[in-house]
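Structure file protein_38.txt (compact mmCIF, C-alpha atoms) follows.
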# COMPACT_ATOMS: atom_id res chain seq x y z
CA MET A 260 -34.46 6.55 -15.85
CA ILE A 261 -32.99 6.11 -12.36
CA SER A 262 -33.60 3.10 -10.11
CA LYS A 263 -32.66 2.47 -6.51
CA MET A 264 -31.55 -1.13 -6.09
CA LYS A 265 -29.75 -3.35 -3.60
CA LEU A 266 -26.29 -4.64 -4.42
CA LYS A 267 -27.60 -8.19 -4.54
CA ASP A 268 -29.92 -7.09 -7.38
CA VAL A 269 -27.15 -5.76 -9.64
CA GLY A 270 -24.98 -8.87 -9.60
CA ILE A 271 -23.93 -12.07 -7.86
CA ILE A 272 -22.10 -11.46 -4.57
CA VAL A 273 -19.40 -13.90 -3.49
CA THR A 274 -17.12 -13.94 -0.43
CA GLY A 275 -13.63 -15.27 -1.05
CA ASN A 276 -11.79 -18.10 0.68
CA THR A 277 -8.27 -19.50 1.01
CA PRO A 278 -7.49 -23.05 -0.12
CA SER A 279 -5.72 -24.99 2.62
CA LYS A 280 -2.09 -23.95 3.04
CA LYS A 281 -1.36 -27.46 4.28
CA ASN A 282 -1.78 -28.81 0.75
CA LYS A 283 1.40 -27.74 -1.07
CA ASP A 284 -0.08 -28.84 -4.41
CA TYR A 285 -2.46 -25.88 -4.19
CA TYR A 286 0.46 -23.44 -4.30
CA ASP A 287 3.09 -25.23 -6.38
CA SER A 288 2.64 -23.08 -9.52
CA ASN A 289 1.44 -19.59 -10.44
CA ASP A 290 -1.59 -20.58 -12.50
CA ILE A 291 -4.37 -18.40 -11.06
CA ASN A 292 -4.22 -14.92 -9.55
CA PHE A 293 -5.02 -14.95 -5.83
CA PHE A 294 -5.88 -11.49 -4.48
CA THR A 295 -5.64 -10.28 -0.87
CA PRO A 296 -6.12 -6.77 0.59
CA THR A 297 -2.38 -6.03 0.32
CA ASP A 298 -2.75 -5.96 -3.49
CA PHE A 299 -5.01 -2.89 -3.31
CA GLU A 300 -4.22 0.81 -3.44
CA ASP A 301 -6.74 3.04 -1.73
CA GLY A 302 -8.95 5.69 -3.35
CA ARG A 303 -8.89 4.36 -6.91
CA ILE A 304 -10.05 1.47 -9.07
CA ASN A 305 -7.28 -1.13 -9.08
CA ASP A 306 -7.24 -2.77 -12.52
CA PHE A 307 -5.91 -6.18 -11.59
CA GLU A 308 -3.93 -8.10 -14.20
CA GLU A 309 -1.46 -9.81 -11.85
CA SER A 310 -1.45 -10.55 -8.12
CA VAL A 311 1.38 -10.90 -5.62
CA ASN A 312 0.18 -14.38 -4.62
CA TYR A 313 -1.11 -17.25 -6.76
CA ILE A 314 -2.75 -20.64 -6.52
CA SER A 315 -2.24 -23.59 -8.81
CA ASN A 316 -4.83 -25.23 -11.02
CA ASN A 317 -4.93 -28.00 -8.38
CA ALA A 318 -6.70 -25.54 -6.05
CA LYS A 319 -9.27 -24.37 -8.58
CA GLU A 320 -12.08 -26.53 -7.18
CA LYS A 321 -11.32 -25.35 -3.64
CA ALA A 322 -11.23 -21.60 -4.43
CA ARG A 323 -13.90 -19.09 -5.40
CA ILE A 324 -13.10 -18.27 -9.02
CA LEU A 325 -14.28 -15.02 -10.59
CA PRO A 326 -14.72 -14.19 -14.27
CA LYS A 327 -13.03 -11.23 -15.94
CA GLY A 328 -14.71 -7.93 -15.08
CA SER A 329 -15.74 -8.87 -11.52
CA VAL A 330 -15.51 -6.12 -8.90
CA LEU A 331 -13.65 -6.72 -5.62
CA VAL A 332 -14.02 -4.74 -2.37
CA THR A 333 -12.10 -5.35 0.86
CA CYS A 334 -14.49 -6.00 3.75
CA ILE A 335 -12.41 -7.29 6.69
CA GLY A 336 -9.63 -5.35 8.43
CA ILE A 337 -8.85 -2.94 5.61
CA ILE A 338 -12.27 -1.72 4.48
CA GLY A 339 -13.42 -0.18 1.20
CA LYS A 340 -10.57 -0.73 -1.26
CA VAL A 341 -11.83 -1.59 -4.73
CA GLY A 342 -10.53 -3.42 -7.80
CA ILE A 343 -11.62 -5.06 -11.05
CA VAL A 344 -10.07 -8.33 -12.20
CA GLU A 345 -8.84 -8.37 -15.80
CA LYS A 346 -8.85 -12.16 -16.05
CA GLU A 347 -10.14 -15.20 -14.19
CA SER A 348 -8.99 -14.89 -10.58
CA ALA A 349 -9.42 -16.12 -6.98
CA PHE A 350 -9.49 -14.06 -3.79
CA ASN A 351 -9.39 -14.51 -0.02
CA GLN A 352 -12.03 -14.28 2.70
CA GLN A 353 -11.29 -10.61 3.49
CA ILE A 354 -12.81 -9.64 0.15
CA ASN A 355 -16.35 -9.61 -1.22
CA ALA A 356 -16.80 -9.73 -4.98
CA ILE A 357 -19.65 -8.69 -7.24
CA ILE A 358 -20.08 -10.38 -10.61
CA PRO A 359 -22.13 -7.59 -12.21
CA ASN A 360 -25.19 -8.11 -14.37
CA LYS A 361 -23.99 -6.36 -17.54
CA ASP A 362 -27.56 -5.55 -18.57
CA ILE A 363 -28.08 -3.54 -15.39
CA ILE A 364 -24.78 -1.99 -14.36
CA ASP A 365 -21.38 -1.03 -15.79
CA ASN A 366 -18.63 -2.59 -13.67
CA ARG A 367 -16.61 0.64 -13.52
CA TYR A 368 -19.70 2.63 -12.47
CA LEU A 369 -20.17 0.07 -9.68
CA ALA A 370 -16.49 0.30 -8.70
CA TYR A 371 -16.55 4.11 -8.53
CA TRP A 372 -19.75 3.96 -6.48
CA LEU A 373 -18.09 1.59 -3.99
CA ILE A 374 -15.08 3.93 -3.68
CA SER A 375 -17.45 6.81 -2.95
CA LYS A 376 -18.95 4.74 -0.10
CA ALA A 377 -15.61 3.73 1.45
CA ASP A 378 -15.92 6.07 4.46
CA TYR A 379 -19.49 4.90 5.05
CA LEU A 380 -18.37 1.27 4.94
CA ARG A 381 -15.53 1.95 7.37
CA LYS A 382 -17.88 3.60 9.85
CA LYS A 383 -20.39 0.78 9.47
CA ALA A 384 -17.62 -1.76 10.05
CA ASN A 385 -16.24 -0.03 13.14
CA ALA A 386 -15.29 -2.75 15.64
CA PRO A 387 -13.01 -2.89 18.71
CA VAL A 388 -10.75 -5.60 17.24
CA VAL A 389 -11.22 -6.38 13.52
CA PRO A 390 -13.49 -4.16 11.39
CA ILE A 391 -15.79 -6.26 9.19
CA ILE A 392 -18.60 -5.87 6.67
CA ASN A 393 -20.27 -9.26 6.36
CA LYS A 394 -21.85 -10.48 3.17
CA THR A 395 -25.40 -10.20 4.55
CA ASP A 396 -25.02 -6.49 5.32
CA PHE A 397 -22.98 -5.84 2.18
CA GLN A 398 -25.56 -7.21 -0.24
CA GLU A 399 -28.31 -5.07 1.31
CA LEU A 400 -26.55 -1.77 0.53
CA GLU A 401 -28.66 0.46 -1.73
CA ILE A 402 -27.20 1.85 -4.94
CA VAL A 403 -28.68 4.39 -7.33
CA VAL A 404 -28.56 2.95 -10.86
CA PRO A 405 -29.23 5.33 -13.78
CA ASP A 406 -29.64 4.13 -17.36
CA MET A 407 -26.59 2.60 -19.00
CA GLU A 408 -25.83 5.66 -21.16
CA THR A 409 -25.70 7.89 -18.08
CA GLN A 410 -23.52 5.37 -16.26
CA LYS A 411 -21.01 5.37 -19.10
CA GLU A 412 -20.95 9.20 -19.22
CA ILE A 413 -20.16 9.30 -15.50
CA VAL A 414 -17.47 6.64 -15.86
CA ASN A 415 -15.93 8.50 -18.80
CA LYS A 416 -15.61 11.75 -16.78
CA LEU A 417 -14.16 9.99 -13.75
CA ASN A 418 -11.74 7.99 -15.91
CA LYS A 419 -10.44 11.23 -17.45
CA MET A 420 -9.97 12.75 -14.01
CA GLN A 421 -8.17 9.63 -12.82
CA LYS A 422 -5.91 9.74 -15.88
CA LEU A 423 -4.81 13.28 -14.94
CA ILE A 424 -4.14 12.08 -11.39
CA ASP A 425 -2.14 9.15 -12.74
CA LEU A 426 -0.01 11.51 -14.84
CA LYS A 427 0.84 13.54 -11.74
CA GLU A 428 1.62 10.34 -9.86
CA GLU A 429 3.90 9.36 -12.73
CA GLN A 430 5.73 12.69 -12.37
CA LYS A 431 6.34 11.86 -8.72
CA CYS A 432 7.71 8.45 -9.72
CA LEU A 433 10.03 10.07 -12.27
CA PHE A 434 11.49 12.24 -9.51
CA GLU A 435 11.97 9.10 -7.41
CA ASP A 436 13.76 7.47 -10.35
CA LEU A 437 15.97 10.57 -10.61
CA ILE A 438 16.99 10.20 -6.96
CA LYS A 439 17.73 6.48 -7.47
CA SER A 440 19.82 7.30 -10.53
CA GLN A 441 21.76 9.92 -8.56
CA PHE A 442 22.29 7.38 -5.76
CA VAL A 443 23.86 4.88 -8.19
CA GLU A 444 25.98 7.58 -9.85
CA MET A 445 27.36 8.76 -6.51
CA PHE A 446 27.69 5.47 -4.66
CA GLY A 447 27.97 2.80 -7.35
CA ASP A 448 26.63 -0.75 -7.24
CA LEU A 449 26.19 -1.77 -3.60
CA GLU A 450 26.34 -5.47 -4.49
CA ILE A 451 29.85 -5.37 -5.90
CA ASN A 452 30.91 -2.19 -4.04
CA ASN A 453 32.77 -0.97 -7.12
CA LYS A 454 33.65 2.30 -5.37
CA LYS A 455 35.39 0.36 -2.60
CA TRP A 456 33.58 2.01 0.30
CA LYS A 457 34.12 0.77 3.84
CA ILE A 458 31.74 -2.08 4.81
CA VAL A 459 29.88 -1.51 8.08
CA ASN A 460 27.23 -3.31 10.07
CA ILE A 461 23.94 -1.48 10.45
CA LEU A 462 24.33 -1.37 14.24
CA GLU A 463 27.55 0.67 13.82
CA VAL A 464 25.63 3.52 12.22
CA ALA A 465 22.05 3.12 13.46
CA SER A 466 19.93 1.74 16.27
CA ILE A 467 16.79 -0.33 15.85
CA ASP A 468 14.55 1.58 18.21
CA THR A 469 12.08 -0.70 19.99
CA ASN A 470 10.66 1.90 22.36
CA MET A 471 7.14 0.49 22.67
CA THR A 472 4.11 1.84 24.51
CA LYS A 473 0.60 0.78 25.42
CA ASP A 474 -0.14 4.15 27.00
CA PHE A 475 -2.37 5.21 24.11
CA GLU A 476 -4.15 7.97 26.03
CA LYS A 477 -0.86 9.86 26.28
CA TYR A 478 -0.51 9.81 22.45
CA ALA A 479 -4.23 9.97 21.54
CA GLU A 480 -3.97 12.97 19.20
CA LEU A 481 -0.83 11.79 17.38
CA PRO A 482 -0.91 9.87 14.07
CA HIS A 483 -0.85 6.09 13.98
CA ILE A 484 1.07 4.58 11.05
CA GLY A 485 0.48 1.07 9.75
CA ILE A 486 2.34 -0.47 6.82
CA GLU A 487 -0.71 0.19 4.64
CA ASN A 488 -0.11 3.91 5.24
CA ILE A 489 3.33 3.81 3.55
CA GLU A 490 3.43 4.34 -0.22
CA LYS A 491 5.72 1.64 -1.61
CA ASN A 492 7.60 3.68 -4.22
CA THR A 493 7.89 7.03 -2.46
CA GLY A 494 7.69 6.27 1.27
CA LYS A 495 5.05 8.98 1.60
CA LEU A 496 2.72 8.53 4.57
CA ILE A 497 -0.92 8.50 3.46
CA ASN A 498 -4.46 8.00 4.79
CA TYR A 499 -3.43 7.67 8.42
CA ILE A 500 -5.65 8.50 11.38
CA SER A 501 -5.02 9.41 15.00
CA VAL A 502 -4.06 6.92 17.70
CA GLU A 503 -7.38 7.63 19.40
CA LYS A 504 -9.41 6.66 16.31
CA SER A 505 -7.30 3.58 15.54
CA ASN A 506 -8.80 1.46 18.36
CA LEU A 507 -5.37 0.09 19.25
CA THR A 508 -4.99 -2.88 21.59
CA SER A 509 -1.42 -4.21 21.31
CA GLY A 510 1.75 -2.18 21.90
CA LYS A 511 3.12 0.23 19.25
CA TYR A 512 6.53 1.80 18.62
CA ILE A 513 7.11 5.50 19.26
CA PHE A 514 8.77 7.47 16.44
CA ASP A 515 9.56 11.09 15.56
CA GLU A 516 11.05 13.08 12.67
CA ARG A 517 14.53 11.64 13.30
CA HIS A 518 13.45 8.09 12.51
CA ILE A 519 13.17 5.86 9.47
CA ILE A 520 10.13 3.55 9.55
CA TYR A 521 10.92 0.21 7.94
CA SER A 522 8.17 -2.33 7.12
CA LYS A 523 9.27 -5.81 8.15
CA ILE A 524 6.30 -7.74 6.71
CA ARG A 525 6.22 -9.53 3.37
CA PRO A 526 5.29 -8.45 0.65
CA ASN A 527 6.26 -4.94 1.83
CA LEU A 528 9.91 -5.59 2.67
CA ASN A 529 11.23 -2.43 1.01
CA LYS A 530 8.57 -0.02 2.17
CA VAL A 531 10.54 2.71 3.96
CA ALA A 532 9.15 6.01 5.29
CA THR A 533 10.76 9.16 6.65
CA PRO A 534 8.16 10.90 8.84
CA ASP A 535 8.32 14.60 9.64
CA PHE A 536 6.18 14.29 12.77
CA LYS A 537 5.91 12.29 16.00
CA GLY A 538 3.55 9.35 16.32
CA LEU A 539 3.12 5.63 16.90
CA CYS A 540 3.77 2.95 14.29
CA SER A 541 2.63 -0.62 13.92
CA ALA A 542 4.69 -3.42 15.45
CA ASP A 543 4.88 -4.69 11.85
CA SER A 544 7.53 -1.98 11.37
CA TYR A 545 10.84 -1.01 12.93
CA PRO A 546 11.76 2.60 13.77
CA ILE A 547 15.46 3.04 12.90
CA LEU A 548 17.58 5.93 14.15
CA THR A 549 20.86 6.79 12.40
CA ASN A 550 23.86 8.30 14.20
CA GLU A 551 26.39 10.92 13.05
CA LYS A 552 28.18 8.41 10.78
CA CYS A 553 25.21 7.88 8.46
CA LYS A 554 22.70 10.26 6.89
CA LYS A 555 19.10 9.17 7.12
CA GLU A 556 18.62 9.86 3.39
CA TYR A 557 21.44 7.46 2.50
CA LEU A 558 20.21 4.59 4.65
CA VAL A 559 16.66 4.97 3.31
CA PHE A 560 17.83 4.17 -0.22
CA VAL A 561 20.03 1.35 0.99
CA LEU A 562 16.96 -0.23 2.65
CA ARG A 563 14.93 0.24 -0.54
CA SER A 564 17.64 -1.34 -2.68
CA ASP A 565 17.69 -4.79 -4.28
CA TYR A 566 20.95 -5.32 -2.38
CA PHE A 567 19.12 -5.22 0.96
CA LEU A 568 16.06 -7.09 -0.35
CA ASN A 569 18.30 -9.93 -1.61
CA TYR A 570 19.97 -10.06 1.79
CA ILE A 571 16.64 -10.45 3.61
CA LEU A 572 15.23 -12.94 1.12
CA SER A 573 18.34 -15.11 1.51
CA TYR A 574 16.91 -16.19 4.88
CA SER A 575 13.93 -17.77 3.17
CA SER A 576 15.52 -19.17 0.01
CA ARG A 577 13.13 -16.73 -1.73
CA THR A 578 10.09 -18.61 -0.47
CA ASN A 579 7.53 -17.22 1.93
CA ILE A 580 9.15 -15.17 4.70
CA PRO A 581 6.44 -13.75 6.97
CA LYS A 582 8.51 -11.02 8.60
CA VAL A 583 12.04 -9.76 9.20
CA ASN A 584 13.20 -10.27 12.77
CA LYS A 585 15.55 -7.99 14.66
CA GLU A 586 18.42 -10.47 14.54
CA GLN A 587 18.25 -10.65 10.74
CA LEU A 588 18.15 -6.86 10.38
CA SER A 589 21.01 -6.51 12.88
CA GLY A 590 23.19 -8.77 10.73
CA PHE A 591 23.00 -6.51 7.67
CA ASP A 592 26.35 -5.19 6.34
CA PHE A 593 26.58 -2.55 3.62
CA PRO A 594 29.02 -0.05 2.00
CA LEU A 595 29.27 3.32 3.77
CA PRO A 596 30.70 6.27 1.77
CA PRO A 597 32.29 9.32 3.47
CA ILE A 598 29.84 11.55 5.34
CA GLU A 599 30.70 14.49 3.03
CA LEU A 600 29.36 12.53 0.04
CA GLN A 601 26.32 11.44 2.01
CA ASN A 602 25.66 15.12 2.81
CA GLN A 603 25.76 15.99 -0.90
CA PHE A 604 23.22 13.26 -1.60
CA ALA A 605 21.00 14.44 1.26
CA ASP A 606 21.04 18.00 -0.18
CA PHE A 607 20.08 16.64 -3.60
CA VAL A 608 17.17 14.70 -2.06
CA LYS A 609 15.95 17.83 -0.27
CA GLN A 610 15.98 19.84 -3.53
CA ILE A 611 13.95 17.16 -5.30
CA ASP A 612 11.59 16.93 -2.34
CA LYS A 613 10.74 20.64 -2.78
CA GLN A 614 9.68 19.98 -6.37
CA LYS A 615 7.76 16.89 -5.32
CA PHE A 616 5.95 19.02 -2.74
CA GLU A 617 4.58 21.29 -5.49
CA ILE A 618 3.47 18.28 -7.51
CA GLN A 619 1.82 16.86 -4.43
CA LYS A 620 -0.15 20.09 -3.91
CA ASN A 621 -1.46 19.88 -7.49
CA LEU A 622 -2.23 16.22 -6.98
CA GLU A 623 -4.27 16.89 -3.86
CA GLU A 624 -6.28 19.53 -5.74
CA MET A 625 -7.04 17.03 -8.52
CA LYS A 626 -8.06 14.38 -6.01
CA LYS A 627 -10.39 16.89 -4.37
CA THR A 628 -11.95 17.65 -7.76
CA LYS A 629 -12.48 13.92 -8.33
CA GLU A 630 -14.00 13.57 -4.86
CA ASN A 631 -16.40 16.44 -5.59
CA LEU A 632 -17.45 14.80 -8.85
CA MET A 633 -18.09 11.52 -7.07
CA ASN A 634 -20.16 13.29 -4.41
CA LYS A 635 -22.17 14.93 -7.17
CA TYR A 636 -22.87 11.64 -8.94
CA PHE A 637 -23.23 9.24 -6.04
CA ASN A 638 -24.33 11.25 -2.98
Structure rendered as structure tokens:
Amino acid sequence: MISKMKLKDVGIIVTGNTPSKKNKDYYDSNDINFFTPTDFEDGRINDFEESVNYISNNAKEKARILPKGSVLVTCIGIIGKVGIVEKESAFNQQINAIIPNKDIIDNRYLAYWLISKADYLRKKANAPVVPIINKTDFQELEIVVPDMETQKEIVNKLNKMQKLIDLKEEQKCLFEDLIKSQFVEMFGDLEINNKKWKIVNILEVASIDTNMTKDFEKYAELPHIGIENIEKNTGKLINYISVEKSNLTSGKYIFDERHIIYSKIRPNLNKVATPDFKGLCSADSYPILTNEKCKKEYLVFVLRSDYFLNYILSYSSRTNIPKVNKEQLSGFDFPLPPIELQNQFADFVKQIDKQKFEIQKNLEEMKKTKENLMNKYFN
């Protein structure tokens, strides 16, 4: 039996909130997970066990607390990312949650359905400044709800497909680990500089390119990259759209295939991308351009290293640092090996990238198969 129901009829819908930041007691210990949109990966169910941010038990009465198994969906700014909490958790005002009625709907069926509607939600939320799906509109969305046995069959098939995708993603990560291992083998421990390389300042070997534009019509067809479009572990650029479709208002940096894009916003301080195209990037990033003394591939892994992260975090005593400023980045010193050795590393990275490209092709095919299954079940 199949029923068409509204979201408000399959569970309790709650919009999150943020306990006052002025009260330090609310944040003085990591007692309760506190989720924000930056915790989410796109296009999949995020099974949330731990968050980046937390609140203390002192804030429990001021937060919106969810039970285990609740489904989260981002509804302000970044629209349509979905997760399930694995234990009691809180969440901010950019997220709506559904506490599902277990007699009516399986929480993973609901989560997959929400993922399948992400594009619809983004179009519905289209706004000139901040896209938003409010709770009133959200709870009126109609969902097709088959019997529980059918729901579980659908979830089982999609889980298996996701597991295959995860295995391919893991292969990609293993190649990344191989590159990191090669980096350490060739260049040693940057912290102690055990290979005794020359220490240089970043401005000796690179420029922090702040070529900004507001002339968006000139770049309308080019990609726009935000920090959410940079995969943390690989630096791959994903899910970006054109400048024209991004509804930009403030100025953006111009980049091309020569640049490194470095995210300067916490908690993404070692997100680093190497684009192979021209476009505009968010002012939450810095385009960095290396000179003949430093290979781009070498500096990328320096910026992803704990050595650099520890340097940046030293400005905040490891507490909350909202963003890296240009002066802080300009003060960074690091070991620089001979260019011949950097060239060898760059060649190694390019060889691995070819193998990663083949894996990526297979991965895209699997994701397309999953998308087709979801269209079959939910559309």
Self-check item: Contact residues around region 434-449 of chain A with only C-alpha atoms at 10 Å, ignoring same-chain residues under 4 positions, as a PyMOL selection string
Solution: chain A and resi 429-430+453-456+492-493+557+560-561+563-567+593-596+600-601+603-604+607-608+611-612+614-615
Those residues with C-alpha atoms, as a PDB file, keeping the file's coordinate frame please?
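Listed below is the output, part_39.pdb:
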ATOM      1  CA  GLU A 429       3.900   9.360 -12.730  1.00  0.00           C
ATOM      2  CA  GLN A 430       5.730  12.690 -12.370  1.00  0.00           C
ATOM      3  CA  ASN A 453      32.770  -0.970  -7.120  1.00  0.00           C
ATOM      4  CA  LYS A 454      33.650   2.300  -5.370  1.00  0.00           C
ATOM      5  CA  LYS A 455      35.390   0.360  -2.600  1.00  0.00           C
ATOM      6  CA  TRP A 456      33.580   2.010   0.300  1.00  0.00           C
ATOM      7  CA  ASN A 492       7.600   3.680  -4.220  1.00  0.00           C
ATOM      8  CA  THR A 493       7.890   7.030  -2.460  1.00  0.00           C
ATOM      9  CA  TYR A 557      21.440   7.460   2.500  1.00  0.00           C
ATOM     10  CA  PHE A 560      17.830   4.170  -0.220  1.00  0.00           C
ATOM     11  CA  VAL A 561      20.030   1.350   0.990  1.00  0.00           C
ATOM     12  CA  ARG A 563      14.930   0.240  -0.540  1.00  0.00           C
ATOM     13  CA  SER A 564      17.640  -1.340  -2.680  1.00  0.00           C
ATOM     14  CA  ASP A 565      17.690  -4.790  -4.280  1.00  0.00           C
ATOM     15  CA  TYR A 566      20.950  -5.320  -2.380  1.00  0.00           C
ATOM     16  CA  PHE A 567      19.120  -5.220   0.960  1.00  0.00           C
ATOM     17  CA  PHE A 593      26.580  -2.550   3.620  1.00  0.00           C
ATOM     18  CA  PRO A 594      29.020  -0.050   2.000  1.00  0.00           C
ATOM     19  CA  LEU A 595      29.270   3.320   3.770  1.00  0.00           C
ATOM     20  CA  PRO A 596      30.700   6.270   1.770  1.00  0.00           C
ATOM     21  CA  LEU A 600      29.360  12.530   0.040  1.00  0.00           C
ATOM     22  CA  GLN A 601      26.320  11.440   2.010  1.00  0.00           C
ATOM     23  CA  GLN A 603      25.760  15.990  -0.900  1.00  0.00           C
ATOM     24  CA  PHE A 604      23.220  13.260  -1.600  1.00  0.00           C
ATOM     25  CA  PHE A 607      20.080  16.640  -3.600  1.00  0.00           C
ATOM     26  CA  VAL A 608      17.170  14.700  -2.060  1.00  0.00           C
ATOM     27  CA  ILE A 611      13.950  17.160  -5.300  1.00  0.00           C
ATOM     28  CA  ASP A 612      11.590  16.930  -2.340  1.00  0.00           C
ATOM     29  CA  GLN A 614       9.680  19.980  -6.370  1.00  0.00           C
ATOM     30  CA  LYS A 615       7.760  16.890  -5.320  1.00  0.00           C
TER      31      LYS A 615
END
List every residue of region 334-374 of chain A that has an atom at most 9 Å from any atom of region 617-635 of chain A, and for each one report the closest atom pair and its distance in Å to one decimal, counting only C-alpha atoms, with rows sorted by chain and then by increasing residue number, as a Markdown table.
| residue | atom | partner | partner_atom | distance |
| --- | --- | --- | --- | --- |
| A:Tyr371 | CA | A:Met633 | CA | 7.7 |
| A:Trp372 | CA | A:Met633 | CA | 7.8 |
| A:Ile374 | CA | A:Met633 | CA | 8.8 |
Quiz prompt | Option closest in space to Ile391 (chain A), from A:Lys361, A:Lys280, A:Ile335, A:Pro597 [counting only C-alpha atoms] | solution = A:Ile335
Quiz prompt | Computed interatomic separation between CA of Tyr379 (chain A) and CA of Asp474 (chain A) (Å) | solution =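 Atom-to-atom, CA of Tyr379 (chain A) and CA of Asp474 (chain A) are spaced 29.3 Å apart.
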Quiz prompt | For Lys504 (chain A): contacts at 9 Å, all atoms listed in the file, fewer than 4 positions along chain excluded, given as a PyMOL selection string | solution = chain A and resi 479-480+483+500
Quiz item: Neighbours of region 346-360 of chain A within 6 Å (all atoms listed in the file; same-chain residues fewer than 2 positions away dropped), as an NGL selection string?
Solution: :A and (269-277 or 291-295 or 323-327 or 329-335 or 344 or 362-363)
Would you export the selected residues with C-alpha atoms as a PDB file, keeping the file's coordinate frame, please?
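And here's again.pdb as it stands now:
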ATOM      1  CA  VAL A 269     -27.150  -5.760  -9.640  1.00  0.00           C
ATOM      2  CA  GLY A 270     -24.980  -8.870  -9.600  1.00  0.00           C
ATOM      3  CA  ILE A 271     -23.930 -12.070  -7.860  1.00  0.00           C
ATOM      4  CA  ILE A 272     -22.100 -11.460  -4.570  1.00  0.00           C
ATOM      5  CA  VAL A 273     -19.400 -13.900  -3.490  1.00  0.00           C
ATOM      6  CA  THR A 274     -17.120 -13.940  -0.430  1.00  0.00           C
ATOM      7  CA  GLY A 275     -13.630 -15.270  -1.050  1.00  0.00           C
ATOM      8  CA  ASN A 276     -11.790 -18.100   0.680  1.00  0.00           C
ATOM      9  CA  THR A 277      -8.270 -19.500   1.010  1.00  0.00           C
ATOM     10  CA  ILE A 291      -4.370 -18.400 -11.060  1.00  0.00           C
ATOM     11  CA  ASN A 292      -4.220 -14.920  -9.550  1.00  0.00           C
ATOM     12  CA  PHE A 293      -5.020 -14.950  -5.830  1.00  0.00           C
ATOM     13  CA  PHE A 294      -5.880 -11.490  -4.480  1.00  0.00           C
ATOM     14  CA  THR A 295      -5.640 -10.280  -0.870  1.00  0.00           C
ATOM     15  CA  ARG A 323     -13.900 -19.090  -5.400  1.00  0.00           C
ATOM     16  CA  ILE A 324     -13.100 -18.270  -9.020  1.00  0.00           C
ATOM     17  CA  LEU A 325     -14.280 -15.020 -10.590  1.00  0.00           C
ATOM     18  CA  PRO A 326     -14.720 -14.190 -14.270  1.00  0.00           C
ATOM     19  CA  LYS A 327     -13.030 -11.230 -15.940  1.00  0.00           C
ATOM     20  CA  SER A 329     -15.740  -8.870 -11.520  1.00  0.00           C
ATOM     21  CA  VAL A 330     -15.510  -6.120  -8.900  1.00  0.00           C
ATOM     22  CA  LEU A 331     -13.650  -6.720  -5.620  1.00  0.00           C
ATOM     23  CA  VAL A 332     -14.020  -4.740  -2.370  1.00  0.00           C
ATOM     24  CA  THR A 333     -12.100  -5.350   0.860  1.00  0.00           C
ATOM     25  CA  CYS A 334     -14.490  -6.000   3.750  1.00  0.00           C
ATOM     26  CA  ILE A 335     -12.410  -7.290   6.690  1.00  0.00           C
ATOM     27  CA  VAL A 344     -10.070  -8.330 -12.200  1.00  0.00           C
ATOM     28  CA  ASP A 362     -27.560  -5.550 -18.570  1.00  0.00           C
ATOM     29  CA  ILE A 363     -28.080  -3.540 -15.390  1.00  0.00           C
TER      30      ILE A 363
END
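Of the listed residues (A:Asn488, A:Ala370, A:Pro405, A:Ala465), A:Pro405 comes nearest to Lys263 (chain A); the distances count only C-alpha atoms.
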Exercise. Work out how far apart CA of Glu450 (chain A) and CA of Leu548 (chain A) are and give it in Å to one decimal.
Key: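 Going from CA of Glu450 (chain A) over to CA of Leu548 (chain A) covers 23.5 Å.
Every protein, DNA or RNA residue with an atom at most 10 Å from Leu528 (chain A), where all atoms listed in the file count and chain neighbours fewer than 6 positions away do not, is listed here: Lys491, Tyr521, Ser522, Ser544, Leu562, Arg563, Phe567, Leu568, Ile571, Leu572, Ile580, Pro581, Lys582 and Val583 of chain A.
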Exercise. Might you pull out every residue within 7 Å of Ile314 (chain A), with all atoms listed in the file counted and same-chain residues fewer than 2 positions away left off, and present them as a ChimeraX atom specification?
Key: /A:285-286,288-293,316,318
Quiz item: Pick from A:Thr409, A:Asp378, A:Ala322, A:Asp301: nearest to Val341 (chain A), with only C-alpha atoms counted?
Solution: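 That would be A:Asp301, the residue with the smallest distance to Val341 (chain A).
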Exercise. Identify which of the residues A:Asp515, A:Asn638, A:Tyr478, A:Ile524 lies closest to Glu503 (chain A), counting all atoms listed in the file when measuring atom-to-atom distances.
Key: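 Ranking A:Asp515, A:Asn638, A:Tyr478, A:Ile524 by distance to Glu503 (chain A), first place goes to A:Tyr478.
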Self-check item: Atomic distance CA of Ile304 (chain A) - CA of Ile484 (chain A), expressed in Å with one decimal
Solution: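 For CA of Ile304 (chain A) relative to CA of Ile484 (chain A), the distance reads 23.2 Å.
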Quiz item: Using all atoms listed in the file, which of A:Lys585, A:Lys321, A:Lys530, A:Lys340 sits nearest Pro296 (chain A)?
Solution: A:Lys340
